[in-house]
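Printed here is target.tsv (TSV, C-alpha atoms):
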chain	number	residue	atom	x	y	z
T	1	MET	CA	-36.68	-143.67	-30.88
T	2	LYS	CA	-34.49	-141.57	-33.15
T	3	LYS	CA	-31.75	-144.22	-33.08
T	4	ILE	CA	-34.24	-146.97	-34.03
T	5	ILE	CA	-35.37	-144.99	-37.09
T	6	GLN	CA	-31.78	-144.35	-38.13
T	7	LEU	CA	-30.89	-148.06	-37.82
T	8	SER	CA	-33.95	-149.02	-39.85
T	9	ILE	CA	-33.05	-146.59	-42.61
T	10	LEU	CA	-29.45	-147.84	-42.59
T	11	GLY	CA	-30.71	-151.39	-43.05
T	12	ILE	CA	-32.88	-150.34	-45.99
T	13	LEU	CA	-29.93	-148.49	-47.49
T	14	ILE	CA	-27.68	-151.55	-47.23
T	15	ALA	CA	-30.34	-153.74	-48.75
T	16	SER	CA	-30.93	-151.31	-51.62
T	17	CYS	CA	-27.22	-150.98	-52.27
T	18	GLY	CA	-26.80	-154.71	-52.35
T	19	GLY	CA	-28.75	-155.15	-55.59
T	20	GLY	CA	-30.52	-153.16	-58.31
T	21	ALA	CA	-30.41	-152.78	-62.06
T	22	SER	CA	-26.65	-152.42	-62.02
T	23	GLY	CA	-26.09	-155.50	-59.80
T	24	SER	CA	-24.68	-155.83	-56.31
T	25	VAL	CA	-21.59	-154.06	-55.06
T	26	GLU	CA	-19.68	-157.35	-55.09
T	27	ASP	CA	-20.66	-157.98	-58.72
T	28	VAL	CA	-19.59	-154.52	-59.81
T	29	ILE	CA	-16.25	-154.85	-58.03
T	30	SER	CA	-15.59	-158.30	-59.49
T	31	SER	CA	-16.31	-157.00	-63.00
T	32	LYS	CA	-13.19	-154.77	-62.79
T	33	ASP	CA	-15.16	-152.17	-64.78
T	34	LEU	CA	-14.00	-148.73	-63.49
T	35	ASN	CA	-16.89	-146.81	-65.09
T	36	ALA	CA	-19.43	-149.23	-63.64
T	37	MET	CA	-17.94	-148.83	-60.15
T	38	ARG	CA	-18.04	-145.01	-60.38
T	39	THR	CA	-21.64	-145.13	-61.60
T	40	LYS	CA	-22.60	-147.42	-58.73
T	41	ARG	CA	-20.94	-145.13	-56.16
T	42	THR	CA	-22.72	-142.03	-57.51
T	43	ALA	CA	-26.08	-143.78	-57.36
T	44	MET	CA	-25.48	-144.90	-53.77
T	45	ASN	CA	-24.45	-141.36	-52.67
T	46	GLN	CA	-27.65	-139.94	-54.12
T	47	GLU	CA	-29.72	-142.55	-52.29
T	48	LEU	CA	-27.85	-141.81	-49.02
T	49	LYS	CA	-28.47	-138.05	-49.29
T	50	ALA	CA	-32.17	-138.63	-49.92
T	51	LEU	CA	-32.40	-140.83	-46.81
T	52	GLU	CA	-30.57	-138.24	-44.68
T	53	ASP	CA	-33.08	-135.58	-45.75
T	54	GLN	CA	-35.89	-137.90	-44.73
T	55	VAL	CA	-34.24	-138.49	-41.32
T	56	LYS	CA	-34.10	-134.72	-40.73
T	57	GLN	CA	-37.77	-134.41	-41.56
T	58	LEU	CA	-38.60	-137.19	-39.10
T	59	ASP	CA	-36.49	-135.51	-36.37
T	60	SER	CA	-38.33	-132.22	-36.92
T	61	ALA	CA	-41.71	-133.90	-36.72
T	62	ILE	CA	-40.74	-135.79	-33.55
T	63	SER	CA	-39.53	-132.55	-31.92
T	64	GLU	CA	-42.84	-130.85	-32.69
T	65	LEU	CA	-44.89	-133.66	-31.18
T	66	ASP	CA	-42.67	-134.58	-28.16
T	67	ASP	CA	-43.31	-132.05	-25.32
T	68	ASN	CA	-40.39	-133.34	-23.25
T	69	ALA	CA	-37.94	-132.53	-26.03
T	70	LYS	CA	-38.84	-128.82	-25.86
T	71	LEU	CA	-38.47	-128.30	-22.09
T	72	PRO	CA	-35.34	-126.36	-21.05
T	73	LEU	CA	-33.16	-128.32	-18.65
T	74	VAL	CA	-32.34	-126.35	-15.48
T	75	SER	CA	-31.01	-126.82	-11.97
T	76	THR	CA	-32.33	-124.96	-8.96
T	77	MET	CA	-31.12	-123.78	-5.56
T	78	GLN	CA	-33.26	-123.34	-2.46
T	79	VAL	CA	-32.42	-120.09	-0.65
T	80	GLU	CA	-32.16	-119.89	3.12
T	81	LYS	CA	-31.57	-117.19	5.71
T	82	GLN	CA	-28.03	-117.12	7.04
T	83	VAL	CA	-25.46	-114.87	8.71
T	84	PHE	CA	-23.80	-112.51	6.23
T	85	ASN	CA	-20.65	-110.55	7.01
T	86	HIS	CA	-19.52	-107.95	4.51
T	87	TYR	CA	-15.91	-106.77	4.53
T	88	LEU	CA	-14.37	-103.57	3.25
T	89	GLU	CA	-10.95	-104.46	1.83
T	90	LEU	CA	-8.15	-101.88	2.10
T	91	GLN	CA	-4.38	-101.89	1.89
T	92	GLY	CA	-2.06	-100.29	4.42
T	93	ASP	CA	1.39	-100.47	5.97
T	94	VAL	CA	2.42	-101.69	9.40
T	95	MET	CA	3.55	-98.86	11.66
T	96	THR	CA	4.74	-98.32	15.20
T	97	ASP	CA	5.08	-95.20	17.34
T	98	GLN	CA	8.02	-96.82	19.12
T	99	ASN	CA	10.51	-96.77	16.25
T	100	VAL	CA	12.88	-93.91	17.00
T	101	LEU	CA	16.41	-92.67	16.53
T	102	VAL	CA	18.22	-91.93	19.80
T	103	TYR	CA	20.34	-88.73	19.80
T	104	PRO	CA	22.93	-87.54	22.34
T	105	GLU	CA	22.03	-84.61	24.57
T	106	MET	CA	25.56	-83.27	24.90
T	107	ALA	CA	28.69	-82.97	22.78
T	108	GLY	CA	31.68	-85.16	23.44
T	109	THR	CA	33.41	-88.43	22.64
T	110	LEU	CA	31.30	-91.59	22.71
T	111	TYR	CA	33.17	-93.11	25.62
T	112	ARG	CA	31.54	-96.53	25.73
T	113	VAL	CA	28.68	-98.50	24.11
T	114	TYR	CA	27.08	-101.07	26.44
T	115	VAL	CA	24.69	-102.86	24.04
T	116	LYS	CA	24.78	-104.83	20.78
T	117	GLU	CA	22.53	-104.84	17.73
T	118	GLY	CA	19.51	-107.10	18.22
T	119	GLN	CA	19.73	-106.87	22.01
T	120	ARG	CA	16.49	-106.43	23.94
T	121	VAL	CA	16.61	-103.53	26.38
T	122	SER	CA	14.34	-102.11	29.07
T	123	LYS	CA	13.10	-98.55	29.49
T	124	GLY	CA	15.76	-96.43	31.19
T	125	GLN	CA	18.56	-98.94	30.59
T	126	LEU	CA	22.02	-97.40	30.01
T	127	LEU	CA	22.96	-97.77	26.33
T	128	ALA	CA	26.11	-95.67	26.09
T	129	SER	CA	28.08	-92.95	27.86
T	130	ILE	CA	29.78	-89.79	26.61
T	131	ASP	CA	32.97	-88.25	28.01
T	132	ASP	CA	31.62	-85.40	30.14
T	133	GLY	CA	34.82	-83.34	29.95
T	134	GLY	CA	35.42	-83.17	33.70
T	135	LEU	CA	31.84	-82.39	34.77
T	136	SER	CA	31.84	-85.39	37.11
T	137	SER	CA	34.82	-83.98	39.00
T	138	GLN	CA	33.13	-80.61	39.28
T	139	LEU	CA	30.03	-82.34	40.58
T	140	ALA	CA	32.05	-84.12	43.27
T	141	GLN	CA	33.51	-80.78	44.41
T	142	LEU	CA	30.08	-79.20	44.53
T	143	LYS	CA	28.72	-82.06	46.59
T	144	THR	CA	31.57	-81.56	49.09
T	145	GLN	CA	30.74	-77.86	49.32
T	146	GLN	CA	27.07	-78.76	49.67
T	147	ALA	CA	27.86	-81.06	52.59
T	148	LEU	CA	29.78	-78.27	54.34
T	149	ALA	CA	26.96	-75.79	53.70
T	150	LYS	CA	24.47	-78.27	55.10
T	151	THR	CA	26.49	-78.81	58.28
T	152	THR	CA	26.91	-75.06	58.77
T	153	PHE	CA	23.19	-74.47	58.24
T	154	GLU	CA	22.14	-77.23	60.65
T	155	ARG	CA	24.45	-75.90	63.41
T	156	GLN	CA	23.33	-72.32	62.86
T	157	LYS	CA	19.71	-73.49	62.99
T	158	ARG	CA	20.23	-75.23	66.35
T	159	LEU	CA	21.77	-72.05	67.75
T	160	TRP	CA	18.97	-69.93	66.35
T	161	ASP	CA	16.39	-72.27	67.91
T	162	GLN	CA	18.09	-71.57	71.26
T	163	ASN	CA	18.02	-67.80	70.62
T	164	ILE	CA	21.78	-67.78	70.21
T	165	GLY	CA	23.36	-65.77	67.43
T	166	SER	CA	21.90	-63.28	65.03
T	167	GLU	CA	19.14	-63.81	62.51
T	168	ILE	CA	21.36	-62.65	59.67
T	169	GLN	CA	23.85	-65.45	60.39
T	170	PHE	CA	21.03	-68.00	60.25
T	171	LEU	CA	19.66	-66.62	56.97
T	172	GLN	CA	23.12	-66.53	55.38
T	173	ALA	CA	23.75	-70.18	56.27
T	174	LYS	CA	20.34	-71.17	54.94
T	175	THR	CA	20.82	-69.26	51.69
T	176	GLN	CA	24.29	-70.75	51.17
T	177	TYR	CA	22.98	-74.28	51.67
T	178	GLU	CA	20.04	-73.79	49.28
T	179	ALA	CA	22.35	-72.28	46.64
T	180	GLN	CA	24.66	-75.28	46.90
T	181	GLN	CA	21.68	-77.65	46.55
T	182	SER	CA	20.55	-75.85	43.39
T	183	ALA	CA	24.06	-75.88	41.93
T	184	VAL	CA	24.41	-79.65	42.56
T	185	LYS	CA	21.04	-80.41	40.92
T	186	GLN	CA	21.93	-78.31	37.91
T	187	LEU	CA	25.30	-80.00	37.42
T	188	GLU	CA	23.76	-83.45	38.03
T	189	SER	CA	21.39	-82.69	35.17
T	190	GLN	CA	24.32	-81.79	32.93
T	191	VAL	CA	26.25	-84.90	33.89
T	192	GLY	CA	23.14	-87.03	33.34
T	193	LYS	CA	23.13	-85.96	29.70
T	194	SER	CA	26.38	-87.85	29.23
T	195	SER	CA	24.43	-91.10	29.68
T	196	ILE	CA	22.30	-92.30	26.76
T	197	ARG	CA	19.37	-94.37	28.04
T	198	ALA	CA	16.57	-96.32	26.36
T	199	PRO	CA	13.42	-94.17	26.03
T	200	PHE	CA	11.24	-97.32	26.07
T	201	SER	CA	11.58	-101.09	26.14
T	202	GLY	CA	12.46	-102.59	22.78
T	203	ILE	CA	15.21	-103.97	20.55
T	204	ILE	CA	18.41	-102.22	19.44
T	205	ASP	CA	17.86	-102.34	15.69
T	206	ASP	CA	20.98	-100.40	14.69
T	207	ILE	CA	24.09	-98.95	16.34
T	208	ILE	CA	24.86	-95.98	14.11
T	209	LYS	CA	27.91	-94.44	15.86
T	210	ASP	CA	30.93	-96.46	16.88
T	211	GLN	CA	32.68	-96.20	20.22
T	212	GLY	CA	35.20	-93.33	20.17
T	213	THR	CA	33.22	-91.19	17.73
T	214	VAL	CA	32.74	-87.53	18.57
T	215	VAL	CA	29.00	-86.81	18.80
T	216	SER	CA	26.86	-83.76	19.41
T	217	PRO	CA	23.14	-82.93	19.66
T	218	GLY	CA	21.26	-82.31	16.43
T	219	PRO	CA	20.53	-83.93	13.04
T	220	GLY	CA	23.09	-86.38	11.74
T	221	SER	CA	24.32	-87.39	15.21
T	222	GLU	CA	21.91	-90.23	15.95
T	223	VAL	CA	23.57	-93.05	17.89
T	224	PHE	CA	20.96	-95.84	18.03
T	225	ARG	CA	17.75	-96.95	16.42
T	226	ILE	CA	15.47	-98.67	18.90
T	227	VAL	CA	12.25	-100.45	17.90
T	228	ASN	CA	9.44	-101.98	19.92
T	229	LEU	CA	7.67	-104.67	17.84
T	230	SER	CA	5.02	-105.47	20.46
T	231	ASP	CA	2.90	-102.37	19.86
T	232	MET	CA	2.30	-102.44	16.08
T	233	TYR	CA	-0.65	-101.08	14.15
T	234	ILE	CA	-1.92	-100.56	10.61
T	235	GLU	CA	-3.20	-97.21	9.38
T	236	VAL	CA	-5.57	-97.27	6.39
T	237	GLU	CA	-7.53	-94.57	4.58
T	238	VAL	CA	-11.27	-95.30	4.48
T	239	PRO	CA	-13.62	-93.51	2.02
T	240	GLU	CA	-16.00	-91.14	3.76
T	241	ALA	CA	-19.00	-93.12	2.48
T	242	HIS	CA	-18.19	-95.74	5.14
T	243	LEU	CA	-17.99	-93.26	8.01
T	244	ALA	CA	-21.14	-94.56	9.74
T	245	ASN	CA	-20.19	-98.25	9.41
T	246	VAL	CA	-16.48	-98.24	10.28
T	247	THR	CA	-16.30	-97.50	14.00
T	248	PRO	CA	-14.03	-98.50	16.93
T	249	GLY	CA	-14.57	-102.13	17.91
T	250	LYS	CA	-15.37	-103.42	14.42
T	251	MET	CA	-13.78	-106.79	13.62
T	252	VAL	CA	-10.88	-106.78	11.15
T	253	GLN	CA	-9.11	-109.61	9.34
T	254	VAL	CA	-5.53	-108.61	8.52
T	255	TYR	CA	-3.55	-110.56	5.92
T	256	PHE	CA	0.18	-110.21	5.29
T	257	PRO	CA	0.96	-111.34	1.70
T	258	VAL	CA	4.71	-111.58	2.29
T	259	LEU	CA	4.32	-113.75	5.39
T	260	GLY	CA	1.31	-115.68	4.09
T	261	ASP	CA	-0.23	-115.23	7.52
T	262	SER	CA	-3.27	-113.45	8.93
T	263	VAL	CA	-4.52	-112.21	12.30
T	264	THR	CA	-7.92	-111.16	13.64
T	265	THR	CA	-8.16	-107.87	15.51
T	266	LYS	CA	-10.46	-104.84	15.97
T	267	VAL	CA	-10.52	-101.19	14.95
T	268	ARG	CA	-8.83	-99.21	17.73
T	269	GLN	CA	-9.35	-95.64	16.58
T	270	THR	CA	-10.95	-93.69	13.74
T	271	GLY	CA	-9.90	-90.24	12.61
T	272	ASN	CA	-12.00	-87.15	13.23
T	273	PHE	CA	-10.87	-85.37	10.08
T	274	ILE	CA	-11.94	-85.91	6.46
T	275	ASN	CA	-9.03	-85.45	4.08
T	276	PRO	CA	-10.31	-83.01	1.42
T	277	GLY	CA	-7.83	-84.38	-1.12
T	278	ASN	CA	-9.19	-87.94	-1.27
T	279	ARG	CA	-12.38	-87.65	0.84
T	280	SER	CA	-11.25	-90.27	3.33
T	281	PHE	CA	-10.51	-90.62	7.04
T	282	SER	CA	-7.78	-92.59	8.79
T	283	VAL	CA	-8.39	-95.77	10.77
T	284	GLU	CA	-5.91	-97.33	13.20
T	285	ILE	CA	-5.90	-101.11	13.59
T	286	PRO	CA	-3.68	-102.72	16.27
T	287	VAL	CA	-1.73	-105.82	15.25
T	288	PRO	CA	-0.66	-108.43	17.82
T	289	ASN	CA	2.94	-109.50	17.23
T	290	LYS	CA	3.81	-112.11	19.82
T	291	GLU	CA	6.33	-113.92	17.59
T	292	GLY	CA	7.94	-110.71	16.32
T	293	LYS	CA	7.57	-111.64	12.64
T	294	ILE	CA	5.67	-108.47	11.73
T	295	LYS	CA	7.98	-105.58	10.89
T	296	PRO	CA	7.41	-101.84	10.40
T	297	ASN	CA	6.41	-100.82	6.84
T	298	LEU	CA	5.25	-104.37	6.01
T	299	THR	CA	2.38	-104.36	3.50
T	300	ALA	CA	-0.94	-105.58	4.91
T	301	ILE	CA	-4.47	-106.09	3.56
T	302	ALA	CA	-7.17	-105.20	6.08
T	303	LYS	CA	-10.72	-106.53	5.70
T	304	ILE	CA	-12.96	-104.45	7.95
T	305	ASN	CA	-16.36	-105.92	8.86
T	306	ASP	CA	-18.53	-102.90	7.99
T	307	TYR	CA	-21.88	-104.72	7.71
T	308	THR	CA	-23.48	-107.81	9.29
T	309	SER	CA	-26.92	-109.35	8.81
T	310	ASP	CA	-28.08	-112.33	10.89
T	311	GLU	CA	-30.88	-113.28	8.47
T	312	ALA	CA	-29.58	-112.55	4.99
T	313	ILE	CA	-30.58	-114.24	1.75
T	314	LEU	CA	-27.61	-114.77	-0.56
T	315	ILE	CA	-27.64	-115.88	-4.19
T	316	PRO	CA	-24.91	-116.23	-6.84
T	317	GLN	CA	-24.33	-113.02	-8.79
T	318	SER	CA	-24.26	-115.04	-12.03
T	319	VAL	CA	-28.02	-115.79	-11.88
T	320	VAL	CA	-29.08	-112.12	-11.65
T	321	SER	CA	-30.29	-110.46	-14.87
T	322	GLU	CA	-31.31	-106.88	-15.61
T	323	ASN	CA	-34.22	-105.63	-17.73
T	324	ALA	CA	-34.51	-102.49	-19.85
T	325	LEU	CA	-35.71	-100.48	-16.85
T	326	GLY	CA	-32.57	-101.30	-14.87
T	327	GLU	CA	-34.42	-103.70	-12.55
T	328	GLN	CA	-32.67	-106.87	-11.39
T	329	TYR	CA	-34.56	-110.14	-11.57
T	330	VAL	CA	-34.19	-113.91	-11.18
T	331	TYR	CA	-36.33	-116.88	-12.14
T	332	LEU	CA	-38.11	-118.97	-9.52
T	333	THR	CA	-39.70	-122.35	-10.13
T	334	LYS	CA	-43.34	-123.11	-9.28
T	335	GLU	CA	-44.98	-126.53	-9.12
T	336	ASN	CA	-46.81	-127.84	-12.16
T	337	GLY	CA	-48.07	-131.20	-10.93
T	338	SER	CA	-44.71	-132.92	-11.34
T	339	GLU	CA	-41.59	-133.14	-9.21
T	340	THR	CA	-39.28	-132.58	-12.19
T	341	GLU	CA	-41.44	-130.46	-14.53
T	342	LEU	CA	-42.05	-126.94	-13.15
T	343	VAL	CA	-42.93	-123.45	-14.39
T	344	SER	CA	-40.44	-120.57	-14.35
T	345	LYS	CA	-41.52	-117.30	-12.74
T	346	LYS	CA	-39.66	-114.00	-13.23
T	347	THR	CA	-39.25	-112.13	-9.92
T	348	ILE	CA	-37.95	-108.57	-9.47
T	349	ILE	CA	-35.47	-108.33	-6.60
T	350	GLN	CA	-33.58	-105.60	-4.76
T	351	LEU	CA	-29.90	-106.25	-4.16
T	352	GLY	CA	-27.69	-105.25	-1.25
T	353	LYS	CA	-23.98	-105.75	-0.69
T	354	THR	CA	-21.82	-108.27	-2.50
T	355	GLN	CA	-19.12	-110.52	-1.11
T	356	GLY	CA	-17.11	-112.68	-3.49
T	357	ASP	CA	-19.42	-114.48	-5.92
T	358	TYR	CA	-22.56	-113.89	-3.83
T	359	VAL	CA	-24.91	-110.94	-3.42
T	360	GLU	CA	-27.44	-110.17	-0.70
T	361	VAL	CA	-31.13	-109.96	-1.69
T	362	LEU	CA	-32.98	-107.30	0.32
T	363	SER	CA	-36.45	-107.95	-1.13
T	364	GLY	CA	-38.19	-110.16	-3.67
T	365	LEU	CA	-37.15	-113.55	-2.27
T	366	SER	CA	-38.12	-115.52	0.82
T	367	ALA	CA	-36.53	-118.43	2.60
T	368	GLY	CA	-37.51	-121.68	0.90
T	369	ASP	CA	-37.82	-120.20	-2.62
T	370	ASN	CA	-36.20	-122.19	-5.40
T	371	ILE	CA	-34.30	-120.10	-7.93
T	372	ILE	CA	-32.95	-121.31	-11.26
T	373	VAL	CA	-29.15	-121.22	-11.21
T	374	GLU	CA	-28.10	-123.27	-14.26
T	375	GLY	CA	-30.05	-122.57	-17.42
T	376	ALA	CA	-31.43	-119.26	-16.11
T	377	ARG	CA	-30.37	-117.43	-19.29
T	378	SER	CA	-32.34	-119.77	-21.56
T	379	VAL	CA	-35.79	-119.64	-19.92
T	380	ARG	CA	-38.72	-117.25	-20.20
T	381	ASP	CA	-41.41	-116.16	-17.78
T	382	ASN	CA	-44.17	-118.76	-17.22
T	383	GLN	CA	-42.30	-121.38	-19.26
T	384	GLN	CA	-42.32	-125.07	-18.42
T	385	VAL	CA	-38.88	-126.30	-17.40
T	386	LYS	CA	-37.40	-129.66	-16.45
T	387	VAL	CA	-35.33	-129.69	-13.24
T	388	LEU	CA	-32.26	-131.90	-13.33
T	389	ASN	CA	-31.20	-131.36	-9.71
T	390	SER	CA	-31.79	-129.07	-6.79
T	391	LYS	CA	-29.48	-127.97	-3.96
T	392	ASN	CA	-29.52	-125.75	-0.90
T	393	THR	CA	-27.92	-122.32	-0.89
T	394	ALA	CA	-24.18	-122.28	-0.26
T	395	LYS	CA	-23.13	-121.20	3.22
T	396	LYS	CA	-21.11	-117.97	3.26
Go ahead and render the structure in this file as structure tokens.
Amino acid sequence: MKKIIQLSILGILIASCGGGASGSVEDVISSKDLNAMRTKRTAMNQELKALEDQVKQLDSAISELDDNAKLPLVSTMQVEKQVFNHYLELQGDVMTDQNVLVYPEMAGTLYRVYVKEGQRVSKGQLLASIDDGGLSSQLAQLKTQQALAKTTFERQKRLWDQNIGSEIQFLQAKTQYEAQQSAVKQLESQVGKSSIRAPFSGIIDDIIKDQGTVVSPGPGSEVFRIVNLSDMYIEVEVPEAHLANVTPGKMVQVYFPVLGDSVTTKVRQTGNFINPGNRSFSVEIPVPNKEGKIKPNLTAIAKINDYTSDEAILIPQSVVSENALGEQYVYLTKENGSETELVSKKTIIQLGKTQGDYVEVLSGLSAGDNIIVEGARSVRDNQQVKVLNSKNTAKK
């Protein structure tokens, strides 16, 4: 209607500019009279301004009389009950208890190294040997003496069982044999320290001492670093406010930014001590590492599922407003006899946890309610609105 009025006025303007006391535009131009042309242009500008003012007046009058022109245009969303999982996001580092430095147990020359870096080894496997300085020869001599003591004891025992010989001879043979046994075990233990064995199954990450190096027990004499990448875990510090919700068995989504990969696991253990410095407790999260890509000290982001609701109502955070009393509210739509023209209704709501762009509504809304999502900031309570489109709540 507005366009029709404007076209009509434009037609009148063209007609009025085509003639008049000063002649038509064509006549004025053909006269070559500069003053006449300027006078004609001034008169036409004044007429155009007057017509524009009249158009504005008509637009204002139309707006006052046309109810549809005053209705705010909104879009709505129908809320539904759905499963809502809330996650507590924390950062931690990948760790392993099986990442150790292997030290020698005796002093001597590193006689031979039997493994290479990157080699997978089993628990108890021989990694290297140290020159025992003649202990093996001494052990062989002791074993010979032990064999003789054993033979003597066994013969003396047979005689004693037949009541032949004295008791003191039997006891001396027995004592000699037992002493030799003890001496052999003791020396075997010493000789055993010349062999460096794997404390657990894993991978030789680093060979620190070369073959032929003189080594000894103590700091600075480590020979190997051995790592087991199959038993990895993440340790994170959780604020004490989540003590009741973060428990063993809770689902965890672990993301590794460097790898661009994620795994799903569960909380294995929670600490029993609250750190007074940061008011938090430790949580241990195992990480499966079948492909071996996850390394110790790798940064990880753990999302712990600390809250789940099977019948939650979620709405976008952007539609929630707050009044002077600190109460949160949204606008619903109620029927007004038309499918597209409804009435807005302010509703006070109580909010729960948030996840991304959505927030849980604990009270104030029911499944099937239609809330205003677009245009919510421009409506008032009990105001007629015009709905452009409606959609169901987004699934989270």
For Glu178 (chain T), find every residue with an atom within 12 Å (counting only C-alpha atoms), except residues of its own chain fewer than 2 positions away, and show them as number ranges by chain. T: 145-150, 152-153, 171-176, 180-185
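With distances restricted to only C-alpha atoms, T:Ile203 is the closest residue to Gly118 (chain T) from T:Met95, T:Ile304, T:Ile203, T:Leu34.
Note that CA of Gly133 (chain T) and CA of Glu105 (chain T) are 13.9 Å apart.
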Name the residues in contact with Gly124 (chain T) at a cut-off of 8 Å, using all atoms listed in the file, excluding same-chain residues fewer than 4 positions from it; report them as an MDAnalysis selection string. chainID T and resid 197:200
Emit as JSON the padded axis-aligned box for all listed atoms of region 182-198 of chain T, 3 Å per side, with centre and edge lengths in Å to one decimal.
{"center_x": 21.5, "center_y": -86.1, "center_z": 34.9, "size_x": 15.8, "size_y": 26.5, "size_z": 23.0}
Just want the 9 Å neighbourhood of region 213-221 of chain T, counted on only C-alpha atoms, with same-chain residues fewer than 3 positions away dropped. Output as a VMD selection string. chain T and resid 102 to 111 130 208 to 210
Residue neighbourhood Asp132 (chain T), 7 Å, all atoms listed in the file, exclusion window fewer than 2 positions, as a PDB file with C-alpha atoms, in the frame of the given file:
ATOM      1  CA  GLY T 108      31.680 -85.160  23.440  1.00  0.00           C
ATOM      2  CA  ILE T 130      29.780 -89.790  26.610  1.00  0.00           C
ATOM      3  CA  GLY T 134      35.420 -83.170  33.700  1.00  0.00           C
ATOM      4  CA  LEU T 135      31.840 -82.390  34.770  1.00  0.00           C
ATOM      5  CA  SER T 136      31.840 -85.390  37.110  1.00  0.00           C
ATOM      6  CA  VAL T 191      26.250 -84.900  33.890  1.00  0.00           C
ATOM      7  CA  SER T 194      26.380 -87.850  29.230  1.00  0.00           C
TER       8      SER T 194
END
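Distance-wise, CA of Leu229 (chain T) and CA of Lys250 (chain T) end up 23.3 Å apart.
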Give me the residues within 12 Å of Lys290 (chain T) as a PyMOL selection string, counting all atoms listed in the file and dropping any in the same chain fewer than 5 places off. chain T and resi 228-232+263+295
For CA of Gly202 (chain T) and CA of Ser129 (chain T), quote the distance in Å rounded to one decimal. 19.0 Å
